[in-house]
$ cat work-v5.cif   # mmCIF, N, CA and C atoms
data_coords
loop_
_atom_site.label_atom_id
_atom_site.label_comp_id
_atom_site.auth_asym_id
_atom_site.auth_seq_id
_atom_site.Cartn_x
_atom_site.Cartn_y
_atom_site.Cartn_z
N MET A 164 22.46 37.14 -51.26
CA MET A 164 22.56 35.72 -50.99
C MET A 164 21.17 35.11 -50.79
N LYS A 165 20.33 35.84 -50.07
CA LYS A 165 18.99 35.36 -49.81
C LYS A 165 18.20 35.19 -51.11
N HIS A 166 18.36 36.12 -52.04
CA HIS A 166 17.67 36.06 -53.33
C HIS A 166 18.17 34.89 -54.17
N LYS A 167 19.45 34.60 -54.07
CA LYS A 167 20.01 33.48 -54.84
C LYS A 167 19.42 32.15 -54.37
N ARG A 168 19.28 31.99 -53.07
CA ARG A 168 18.68 30.77 -52.54
C ARG A 168 17.20 30.66 -52.94
N HIS A 169 16.52 31.78 -52.91
CA HIS A 169 15.10 31.79 -53.31
C HIS A 169 14.97 31.42 -54.79
N LEU A 170 15.82 32.01 -55.62
CA LEU A 170 15.82 31.72 -57.05
C LEU A 170 16.19 30.25 -57.29
N ALA A 171 17.16 29.75 -56.58
CA ALA A 171 17.56 28.34 -56.73
C ALA A 171 16.40 27.42 -56.34
N GLY A 172 15.69 27.75 -55.29
CA GLY A 172 14.54 26.95 -54.87
C GLY A 172 13.45 26.94 -55.92
N MET A 173 13.20 28.09 -56.53
CA MET A 173 12.17 28.17 -57.58
C MET A 173 12.59 27.35 -58.80
N LEU A 174 13.86 27.39 -59.16
CA LEU A 174 14.34 26.62 -60.31
C LEU A 174 14.23 25.12 -60.05
N ILE A 175 14.54 24.70 -58.84
CA ILE A 175 14.42 23.28 -58.49
C ILE A 175 12.95 22.85 -58.54
N ALA A 176 12.06 23.66 -57.99
CA ALA A 176 10.63 23.33 -58.02
C ALA A 176 10.12 23.25 -59.45
N THR A 177 10.54 24.18 -60.30
CA THR A 177 10.13 24.17 -61.70
C THR A 177 10.64 22.91 -62.39
N ALA A 178 11.87 22.54 -62.13
CA ALA A 178 12.43 21.34 -62.74
C ALA A 178 11.68 20.09 -62.30
N LEU A 179 11.30 20.03 -61.04
CA LEU A 179 10.58 18.87 -60.53
C LEU A 179 9.17 18.77 -61.10
N LEU A 180 8.54 19.92 -61.34
CA LEU A 180 7.16 19.92 -61.84
C LEU A 180 7.08 19.78 -63.35
N THR A 181 8.19 19.94 -64.05
CA THR A 181 8.18 19.76 -65.49
C THR A 181 7.85 18.30 -65.79
N GLY A 182 6.89 18.08 -66.64
CA GLY A 182 6.50 16.72 -66.97
C GLY A 182 5.42 16.16 -66.07
N CYS A 183 4.93 16.95 -65.12
CA CYS A 183 3.89 16.47 -64.21
C CYS A 183 2.49 16.70 -64.78
N GLY A 184 2.40 17.38 -65.88
CA GLY A 184 1.10 17.70 -66.45
C GLY A 184 0.46 16.53 -67.17
N THR A 185 -0.82 16.66 -67.36
CA THR A 185 -1.59 15.67 -68.10
C THR A 185 -1.48 15.95 -69.58
N VAL A 186 -1.32 14.90 -70.36
CA VAL A 186 -1.29 15.03 -71.82
C VAL A 186 -2.49 14.28 -72.39
N VAL A 187 -2.98 14.78 -73.50
CA VAL A 187 -4.12 14.16 -74.16
C VAL A 187 -3.60 13.29 -75.28
N ARG A 188 -4.06 12.06 -75.32
CA ARG A 188 -3.62 11.10 -76.34
C ARG A 188 -4.81 10.64 -77.16
N SER A 189 -4.56 10.42 -78.43
CA SER A 189 -5.52 9.77 -79.31
C SER A 189 -4.94 8.39 -79.57
N LEU A 190 -5.65 7.36 -79.14
CA LEU A 190 -5.15 5.99 -79.22
C LEU A 190 -6.12 5.12 -80.00
N PRO A 191 -5.62 4.04 -80.62
CA PRO A 191 -6.53 3.16 -81.36
C PRO A 191 -7.46 2.41 -80.40
N LEU A 192 -8.71 2.26 -80.82
CA LEU A 192 -9.66 1.50 -80.00
C LEU A 192 -9.20 0.05 -79.91
N PRO A 193 -9.24 -0.53 -78.73
CA PRO A 193 -8.93 -1.96 -78.62
C PRO A 193 -9.94 -2.76 -79.45
N ALA A 194 -9.51 -3.86 -80.00
CA ALA A 194 -10.36 -4.68 -80.87
C ALA A 194 -11.64 -5.12 -80.19
N ASP A 195 -11.61 -5.33 -78.88
CA ASP A 195 -12.79 -5.82 -78.18
C ASP A 195 -13.69 -4.72 -77.61
N ALA A 196 -13.35 -3.46 -77.83
CA ALA A 196 -14.12 -2.36 -77.23
C ALA A 196 -15.58 -2.35 -77.65
N ALA A 197 -15.86 -2.64 -78.91
CA ALA A 197 -17.24 -2.59 -79.41
C ALA A 197 -17.93 -3.94 -79.36
N GLN A 198 -17.23 -4.97 -78.96
CA GLN A 198 -17.82 -6.31 -78.91
C GLN A 198 -18.79 -6.41 -77.74
N PRO A 199 -19.88 -7.15 -77.92
CA PRO A 199 -20.82 -7.32 -76.81
C PRO A 199 -20.13 -8.03 -75.64
N ASP A 200 -20.51 -7.62 -74.46
CA ASP A 200 -19.98 -8.29 -73.27
C ASP A 200 -21.13 -9.04 -72.60
N ALA A 201 -20.95 -9.45 -71.37
CA ALA A 201 -21.97 -10.23 -70.66
C ALA A 201 -23.29 -9.47 -70.49
N SER A 202 -23.24 -8.13 -70.52
CA SER A 202 -24.46 -7.34 -70.37
C SER A 202 -25.37 -7.45 -71.59
N GLY A 203 -24.79 -7.79 -72.74
CA GLY A 203 -25.56 -7.86 -73.97
C GLY A 203 -25.77 -6.52 -74.63
N VAL A 204 -25.22 -5.45 -74.07
CA VAL A 204 -25.36 -4.11 -74.63
C VAL A 204 -24.25 -3.88 -75.66
N ARG A 205 -24.66 -3.57 -76.86
CA ARG A 205 -23.73 -3.36 -77.97
C ARG A 205 -23.37 -1.87 -78.08
N LEU A 206 -22.14 -1.57 -78.46
CA LEU A 206 -21.68 -0.19 -78.61
C LEU A 206 -21.40 0.11 -80.08
N TYR A 207 -21.83 1.28 -80.52
CA TYR A 207 -21.59 1.74 -81.89
C TYR A 207 -20.86 3.08 -81.79
N PHE A 208 -19.56 3.06 -82.08
CA PHE A 208 -18.74 4.25 -81.97
C PHE A 208 -18.95 5.20 -83.14
N GLY A 209 -18.92 6.49 -82.86
CA GLY A 209 -19.05 7.50 -83.91
C GLY A 209 -20.35 7.33 -84.68
N ALA A 210 -20.25 7.47 -86.00
CA ALA A 210 -21.44 7.37 -86.86
C ALA A 210 -21.58 5.98 -87.45
N LEU A 211 -21.09 4.97 -86.76
CA LEU A 211 -21.17 3.59 -87.24
C LEU A 211 -22.64 3.20 -87.46
N ALA A 212 -22.90 2.57 -88.60
CA ALA A 212 -24.27 2.16 -88.93
C ALA A 212 -24.78 1.14 -87.91
N HIS A 213 -26.06 1.22 -87.64
CA HIS A 213 -26.70 0.32 -86.69
C HIS A 213 -28.14 0.10 -87.11
N PRO A 214 -28.79 -0.95 -86.59
CA PRO A 214 -30.22 -1.17 -86.89
C PRO A 214 -31.06 0.02 -86.42
N ALA A 215 -32.29 0.08 -86.89
CA ALA A 215 -33.20 1.17 -86.55
C ALA A 215 -33.44 1.24 -85.04
N VAL A 216 -33.57 2.45 -84.54
CA VAL A 216 -33.82 2.68 -83.12
C VAL A 216 -35.32 2.54 -82.86
N LYS A 217 -35.65 1.67 -81.92
CA LYS A 217 -37.04 1.44 -81.52
C LYS A 217 -37.44 2.41 -80.40
N THR A 218 -36.55 2.54 -79.40
CA THR A 218 -36.79 3.44 -78.27
C THR A 218 -35.49 4.15 -77.92
N ASP A 219 -35.59 5.46 -77.71
CA ASP A 219 -34.43 6.26 -77.33
C ASP A 219 -34.58 6.66 -75.87
N PHE A 220 -33.61 6.28 -75.04
CA PHE A 220 -33.65 6.59 -73.61
C PHE A 220 -32.86 7.85 -73.27
N GLY A 221 -32.30 8.51 -74.26
CA GLY A 221 -31.54 9.74 -74.03
C GLY A 221 -30.04 9.50 -73.95
N GLN A 222 -29.33 10.59 -73.81
CA GLN A 222 -27.87 10.52 -73.73
C GLN A 222 -27.43 10.22 -72.30
N HIS A 223 -26.26 9.59 -72.22
CA HIS A 223 -25.66 9.34 -70.91
C HIS A 223 -24.14 9.36 -71.07
N ALA A 224 -23.47 9.83 -70.02
CA ALA A 224 -22.01 9.86 -70.00
C ALA A 224 -21.51 9.10 -68.78
N ALA A 225 -20.38 8.45 -68.93
CA ALA A 225 -19.74 7.73 -67.82
C ALA A 225 -18.25 8.05 -67.86
N SER A 226 -17.68 8.23 -66.70
CA SER A 226 -16.26 8.57 -66.60
C SER A 226 -15.50 7.53 -65.81
N ALA A 227 -14.20 7.50 -66.03
CA ALA A 227 -13.34 6.62 -65.25
C ALA A 227 -11.96 7.26 -65.12
N ARG A 228 -11.37 7.06 -63.98
CA ARG A 228 -10.00 7.50 -63.72
C ARG A 228 -9.32 6.32 -63.05
N VAL A 229 -8.21 5.88 -63.63
CA VAL A 229 -7.49 4.74 -63.07
C VAL A 229 -6.04 5.11 -62.76
N LYS A 230 -5.52 4.48 -61.75
CA LYS A 230 -4.14 4.71 -61.35
C LYS A 230 -3.21 4.17 -62.43
N ARG A 231 -2.21 4.94 -62.75
CA ARG A 231 -1.25 4.53 -63.77
C ARG A 231 -0.24 3.57 -63.15
N ALA A 232 -0.09 2.42 -63.80
CA ALA A 232 0.84 1.42 -63.28
C ALA A 232 1.92 1.09 -64.29
N GLY A 233 2.04 1.89 -65.34
CA GLY A 233 3.05 1.60 -66.35
C GLY A 233 2.89 2.52 -67.54
N ALA A 234 2.88 1.92 -68.73
CA ALA A 234 2.81 2.69 -69.97
C ALA A 234 1.46 3.38 -70.13
N GLU A 235 1.43 4.39 -71.01
CA GLU A 235 0.23 5.18 -71.23
C GLU A 235 -0.93 4.36 -71.81
N GLN A 236 -0.67 3.60 -72.89
CA GLN A 236 -1.77 2.92 -73.57
C GLN A 236 -2.50 1.92 -72.68
N PRO A 237 -1.81 1.04 -71.96
CA PRO A 237 -2.56 0.12 -71.07
C PRO A 237 -3.38 0.87 -70.02
N THR A 238 -2.86 1.98 -69.51
CA THR A 238 -3.59 2.77 -68.53
C THR A 238 -4.86 3.34 -69.16
N CYS A 239 -4.72 3.92 -70.35
CA CYS A 239 -5.89 4.48 -71.04
C CYS A 239 -6.87 3.39 -71.45
N ASP A 240 -6.37 2.25 -71.89
CA ASP A 240 -7.25 1.13 -72.26
C ASP A 240 -8.07 0.68 -71.06
N GLN A 241 -7.45 0.63 -69.89
CA GLN A 241 -8.17 0.24 -68.67
C GLN A 241 -9.24 1.28 -68.32
N ALA A 242 -8.88 2.57 -68.42
CA ALA A 242 -9.86 3.63 -68.14
C ALA A 242 -11.03 3.54 -69.12
N LEU A 243 -10.72 3.31 -70.40
CA LEU A 243 -11.77 3.16 -71.41
C LEU A 243 -12.67 1.98 -71.07
N GLY A 244 -12.08 0.85 -70.74
CA GLY A 244 -12.87 -0.34 -70.39
C GLY A 244 -13.78 -0.11 -69.20
N ASP A 245 -13.27 0.58 -68.17
CA ASP A 245 -14.07 0.87 -66.99
C ASP A 245 -15.24 1.79 -67.33
N ALA A 246 -14.97 2.84 -68.10
CA ALA A 246 -16.02 3.80 -68.47
C ALA A 246 -17.07 3.14 -69.37
N LEU A 247 -16.63 2.31 -70.32
CA LEU A 247 -17.59 1.60 -71.18
C LEU A 247 -18.43 0.63 -70.37
N GLY A 248 -17.83 -0.01 -69.38
CA GLY A 248 -18.58 -0.91 -68.50
C GLY A 248 -19.67 -0.17 -67.75
N ARG A 249 -19.37 1.03 -67.27
CA ARG A 249 -20.37 1.84 -66.57
C ARG A 249 -21.48 2.28 -67.52
N LEU A 250 -21.11 2.63 -68.74
CA LEU A 250 -22.09 3.04 -69.74
C LEU A 250 -23.02 1.87 -70.07
N ARG A 251 -22.44 0.70 -70.26
CA ARG A 251 -23.25 -0.49 -70.55
C ARG A 251 -24.19 -0.84 -69.38
N GLU A 252 -23.67 -0.74 -68.17
CA GLU A 252 -24.46 -1.04 -66.98
C GLU A 252 -25.67 -0.10 -66.89
N TYR A 253 -25.45 1.18 -67.15
CA TYR A 253 -26.53 2.16 -67.14
C TYR A 253 -27.57 1.79 -68.20
N ALA A 254 -27.11 1.47 -69.40
CA ALA A 254 -28.02 1.11 -70.50
C ALA A 254 -28.83 -0.13 -70.14
N LYS A 255 -28.19 -1.13 -69.61
CA LYS A 255 -28.86 -2.39 -69.25
C LYS A 255 -29.97 -2.15 -68.22
N LYS A 256 -29.71 -1.30 -67.22
CA LYS A 256 -30.70 -1.00 -66.18
C LYS A 256 -31.93 -0.31 -66.75
N ARG A 257 -31.79 0.35 -67.88
CA ARG A 257 -32.92 1.04 -68.50
C ARG A 257 -33.62 0.21 -69.55
N GLY A 258 -33.17 -1.00 -69.77
CA GLY A 258 -33.80 -1.88 -70.74
C GLY A 258 -33.30 -1.67 -72.16
N ALA A 259 -32.18 -0.99 -72.31
CA ALA A 259 -31.59 -0.75 -73.63
C ALA A 259 -30.74 -1.94 -74.04
N ASN A 260 -30.52 -2.06 -75.36
CA ASN A 260 -29.63 -3.13 -75.83
C ASN A 260 -28.44 -2.57 -76.62
N ALA A 261 -28.33 -1.22 -76.66
CA ALA A 261 -27.21 -0.62 -77.38
C ALA A 261 -26.99 0.82 -76.93
N VAL A 262 -25.78 1.29 -77.21
CA VAL A 262 -25.46 2.71 -77.08
C VAL A 262 -24.87 3.11 -78.42
N VAL A 263 -25.50 4.08 -79.08
CA VAL A 263 -25.05 4.53 -80.39
C VAL A 263 -24.43 5.92 -80.30
N ASN A 264 -23.70 6.29 -81.33
CA ASN A 264 -23.01 7.59 -81.38
C ASN A 264 -22.06 7.74 -80.19
N VAL A 265 -21.38 6.67 -79.84
CA VAL A 265 -20.46 6.70 -78.70
C VAL A 265 -19.26 7.58 -79.06
N ASN A 266 -18.94 8.49 -78.16
CA ASN A 266 -17.76 9.33 -78.34
C ASN A 266 -16.96 9.33 -77.05
N THR A 267 -15.71 9.74 -77.15
CA THR A 267 -14.83 9.80 -76.00
C THR A 267 -14.30 11.21 -75.86
N ARG A 268 -13.96 11.58 -74.62
CA ARG A 268 -13.38 12.90 -74.43
C ARG A 268 -12.57 12.96 -73.15
N PHE A 269 -11.69 13.93 -73.16
CA PHE A 269 -10.98 14.32 -71.95
C PHE A 269 -11.04 15.84 -71.92
N HIS A 270 -11.76 16.38 -70.97
CA HIS A 270 -12.05 17.82 -70.89
C HIS A 270 -12.66 18.29 -72.22
N ASP A 271 -12.02 19.22 -72.92
CA ASP A 271 -12.58 19.76 -74.16
C ASP A 271 -12.11 19.00 -75.40
N ASN A 272 -11.29 17.99 -75.25
CA ASN A 272 -10.78 17.22 -76.38
C ASN A 272 -11.69 16.02 -76.61
N ARG A 273 -12.40 16.04 -77.73
CA ARG A 273 -13.42 15.03 -78.00
C ARG A 273 -13.09 14.26 -79.28
N SER A 274 -13.48 12.99 -79.30
CA SER A 274 -13.31 12.16 -80.49
C SER A 274 -14.61 11.44 -80.80
N ASP A 275 -15.05 11.57 -82.05
CA ASP A 275 -16.23 10.85 -82.54
C ASP A 275 -15.81 9.73 -83.48
N SER A 276 -14.59 9.31 -83.36
CA SER A 276 -14.00 8.33 -84.28
C SER A 276 -14.57 6.93 -84.06
N GLN A 277 -14.55 6.15 -85.14
CA GLN A 277 -14.94 4.74 -85.07
C GLN A 277 -13.74 3.84 -84.79
N THR A 278 -12.53 4.42 -84.84
CA THR A 278 -11.32 3.61 -84.71
C THR A 278 -10.34 4.10 -83.63
N ALA A 279 -10.60 5.25 -83.04
CA ALA A 279 -9.67 5.81 -82.05
C ALA A 279 -10.46 6.43 -80.90
N TYR A 280 -9.78 6.64 -79.78
CA TYR A 280 -10.40 7.30 -78.65
C TYR A 280 -9.43 8.29 -78.02
N THR A 281 -9.99 9.22 -77.25
CA THR A 281 -9.21 10.28 -76.61
C THR A 281 -9.14 10.00 -75.12
N CYS A 282 -7.94 10.13 -74.57
CA CYS A 282 -7.70 9.85 -73.15
C CYS A 282 -6.71 10.87 -72.60
N GLY A 283 -6.90 11.26 -71.36
CA GLY A 283 -5.93 12.11 -70.68
C GLY A 283 -5.09 11.24 -69.77
N VAL A 284 -3.78 11.42 -69.85
CA VAL A 284 -2.89 10.59 -69.03
C VAL A 284 -1.82 11.47 -68.40
N SER A 285 -1.58 11.20 -67.13
CA SER A 285 -0.54 11.92 -66.38
C SER A 285 0.42 10.88 -65.82
N PRO A 286 1.46 11.32 -65.16
CA PRO A 286 2.36 10.34 -64.56
C PRO A 286 1.68 9.46 -63.50
N SER A 287 0.53 9.90 -62.98
CA SER A 287 -0.12 9.13 -61.92
C SER A 287 -1.43 8.45 -62.31
N ALA A 288 -2.07 8.87 -63.42
CA ALA A 288 -3.39 8.31 -63.73
C ALA A 288 -3.77 8.52 -65.19
N GLY A 289 -4.81 7.78 -65.59
CA GLY A 289 -5.43 7.96 -66.90
C GLY A 289 -6.90 8.24 -66.67
N ALA A 290 -7.49 9.12 -67.49
CA ALA A 290 -8.89 9.47 -67.29
C ALA A 290 -9.58 9.66 -68.63
N ILE A 291 -10.89 9.36 -68.64
CA ILE A 291 -11.67 9.45 -69.86
C ILE A 291 -13.15 9.57 -69.51
N THR A 292 -13.89 10.18 -70.41
CA THR A 292 -15.35 10.19 -70.33
C THR A 292 -15.88 9.65 -71.65
N VAL A 293 -16.83 8.74 -71.58
CA VAL A 293 -17.49 8.22 -72.78
C VAL A 293 -18.96 8.59 -72.68
N SER A 294 -19.56 8.88 -73.82
CA SER A 294 -20.99 9.19 -73.82
C SER A 294 -21.61 8.72 -75.12
N GLY A 295 -22.92 8.60 -75.10
CA GLY A 295 -23.63 8.17 -76.28
C GLY A 295 -25.13 8.14 -76.03
N ASP A 296 -25.86 7.76 -77.06
CA ASP A 296 -27.31 7.69 -76.97
C ASP A 296 -27.72 6.27 -76.58
N VAL A 297 -28.38 6.16 -75.45
CA VAL A 297 -28.82 4.86 -74.94
C VAL A 297 -30.13 4.51 -75.65
N VAL A 298 -30.15 3.36 -76.34
CA VAL A 298 -31.30 3.02 -77.18
C VAL A 298 -31.65 1.54 -77.10
N LEU A 299 -32.87 1.27 -77.56
CA LEU A 299 -33.31 -0.10 -77.80
C LEU A 299 -33.42 -0.21 -79.31
N LEU A 300 -32.62 -1.10 -79.89
CA LEU A 300 -32.63 -1.29 -81.33
C LEU A 300 -33.66 -2.34 -81.73
N ASP A 301 -34.20 -2.21 -82.96
CA ASP A 301 -35.18 -3.18 -83.47
C ASP A 301 -34.61 -4.58 -83.47
N ALA A 302 -33.44 -4.77 -84.06
CA ALA A 302 -32.83 -6.09 -84.15
C ALA A 302 -31.32 -5.95 -84.11
N GLN A 303 -30.65 -7.01 -83.64
CA GLN A 303 -29.18 -6.96 -83.62
C GLN A 303 -28.62 -8.16 -84.32
#

$ encode --input "work-v5.cif" --output "structure tokens"
Amino acid sequence: MKHKRHLAGMLIATALLTGCGTVVRSLPLPADAAQPDASGVRLYFGALAHPAVKTDFGQHAASARVKRAGAEQPTCDQALGDALGRLREYAKKRGANAVVNVNTRFHDNRSDSQTAYTCGVSPSAGAITVSGDVVLLDAQ
């Protein structure tokens, strides 16, 4: 009898934890993701063509994790926006006007796409890391 209760408890715990894991999604980039914002720092995703680099300040990565308040895509879009904002802020402080070769990742899942990004989403949150080369371009 004792073993049956123990087994029943394990089955209930397993059932409750099913679906609690994080899944990795590849989602389309929002139309405004690469558009200049108030910082004036432009983003070039993947191998997107850009003007010549005048000064290279090195690579930088920025992460964001946001509380999930509904569907997966809006949560991931918000995490992407927050991480891109941090990346732009870092670039602006260094005197850069662009970040090129921007890629997205969640743990070991990376995307160098010009049209999509990678995000990890769980029932409670969405998370992403964006990185790229912080540069000063000749002209924009």

$ atom_distance --input "work-v5.cif" --atom1 "atom C of Leu299 of chain A" --atom2 "atom N of Val262 of chain A"
8.1 Å

$ closest_residue --input "work-v5.cif" --among "A:Asp240, A:Asp195, A:Asp219, A:Asp200" --to "Ile291 of chain A" --atoms "only C-alpha atoms"
A:Asp240

$ residues_around --input "work-v5.cif" --residues "Arg268 of chain A" --least-positions-apart "4" --cutoff "7 Å" --atoms "all atoms listed in the file" --output "ChimeraX atom specification"
/A:272-274,280-283,290-294

$ resolve_selection --input "work-v5.cif" --expression "the PyMOL selection byres ((chain A and resi 285) around 5)" --output "compact mmCIF listing (two decimals) with N, CA and C atoms, keeping the file's coordinate frame"
# COMPACT_ATOMS: atom_id res chain seq x y z
N GLY A 184 2.40 17.38 -65.88
CA GLY A 184 1.10 17.70 -66.45
C GLY A 184 0.46 16.53 -67.17
N THR A 185 -0.82 16.66 -67.36
CA THR A 185 -1.59 15.67 -68.10
C THR A 185 -1.48 15.95 -69.58
N VAL A 186 -1.32 14.90 -70.36
CA VAL A 186 -1.29 15.03 -71.82
C VAL A 186 -2.49 14.28 -72.39
N GLY A 283 -6.90 11.26 -71.36
CA GLY A 283 -5.93 12.11 -70.68
C GLY A 283 -5.09 11.24 -69.77
N VAL A 284 -3.78 11.42 -69.85
CA VAL A 284 -2.89 10.59 -69.03
C VAL A 284 -1.82 11.47 -68.40
N PRO A 286 1.46 11.32 -65.16
CA PRO A 286 2.36 10.34 -64.56
C PRO A 286 1.68 9.46 -63.50
N SER A 287 0.53 9.90 -62.98
CA SER A 287 -0.12 9.13 -61.92
C SER A 287 -1.43 8.45 -62.31
N ALA A 288 -2.07 8.87 -63.42
CA ALA A 288 -3.39 8.31 -63.73
C ALA A 288 -3.77 8.52 -65.19
N GLY A 289 -4.81 7.78 -65.59
CA GLY A 289 -5.43 7.96 -66.90
C GLY A 289 -6.90 8.24 -66.67

$ resolve_selection --input "work-v5.cif" --expression "the PyMOL selection byres ((chain A and resi 210) around 6)" --output "JSON list (two decimals) with N, CA and C atoms, in the frame of the given file"
[["chain", "number", "residue", "atom", "x", "y", "z"],
["A", 208, "PHE", "N", -19.56, 3.06, -82.08],
["A", 208, "PHE", "CA", -18.74, 4.25, -81.97],
["A", 208, "PHE", "C", -18.95, 5.20, -83.14],
["A", 209, "GLY", "N", -18.92, 6.49, -82.86],
["A", 209, "GLY", "CA", -19.05, 7.50, -83.91],
["A", 209, "GLY", "C", -20.35, 7.33, -84.68],
["A", 211, "LEU", "N", -21.09, 4.97, -86.76],
["A", 211, "LEU", "CA", -21.17, 3.59, -87.24],
["A", 211, "LEU", "C", -22.64, 3.20, -87.46],
["A", 212, "ALA", "N", -22.90, 2.57, -88.60],
["A", 212, "ALA", "CA", -24.27, 2.16, -88.93],
["A", 212, "ALA", "C", -24.78, 1.14, -87.91],
["A", 264, "ASN", "N", -23.70, 6.29, -81.33],
["A", 264, "ASN", "CA", -23.01, 7.59, -81.38],
["A", 264, "ASN", "C", -22.06, 7.74, -80.19],
["A", 275, "ASP", "N", -15.05, 11.57, -82.05],
["A", 275, "ASP", "CA", -16.23, 10.85, -82.54],
["A", 275, "ASP", "C", -15.81, 9.73, -83.48],
["A", 277, "GLN", "N", -14.55, 6.15, -85.14],
["A", 277, "GLN", "CA", -14.94, 4.74, -85.07],
["A", 277, "GLN", "C", -13.74, 3.84, -84.79]]

$ atom_distance --input "work-v5.cif" --atom1 "atom CA of Ala254 of chain A" --atom2 "atom CA of Arg188 of chain A"
27.0 Å

$ atom_distance --input "work-v5.cif" --atom1 "atom CA of Lys230 of chain A" --atom2 "atom CA of Pro199 of chain A"
25.7 Å

$ select_by_dssp --input "work-v5.cif" --residues "chain A" --states "alpha helix (DSSP H)" --output "MDAnalysis selection string"
chainID A and resid 165:180 235:256

$ closest_residue --input "work-v5.cif" --among "A:Asp271, A:Val297, A:Thr278, A:Leu190" --to "Gln236 of chain A" --atoms "all atoms listed in the file"
A:Leu190

$ closest_residue --input "work-v5.cif" --among "A:Val298, A:Leu206, A:Val216, A:Leu192" --to "Gly258 of chain A" --atoms "all atoms listed in the file"
A:Val298

$ resolve_selection --input "work-v5.cif" --expression "the PyMOL selection byres ((chain A and resi 227) around 5)" --output "NGL selection string"
:A and (225-226 or 228-229 or 246 or 290-291)

$ select_by_dssp --input "work-v5.cif" --residues "chain A" --states "strand (DSSP E)" --output "VMD selection string"
chain A and resid 186 to 191 205 to 208 216 to 230 261 to 269 272 to 274 279 to 284 288 to 300
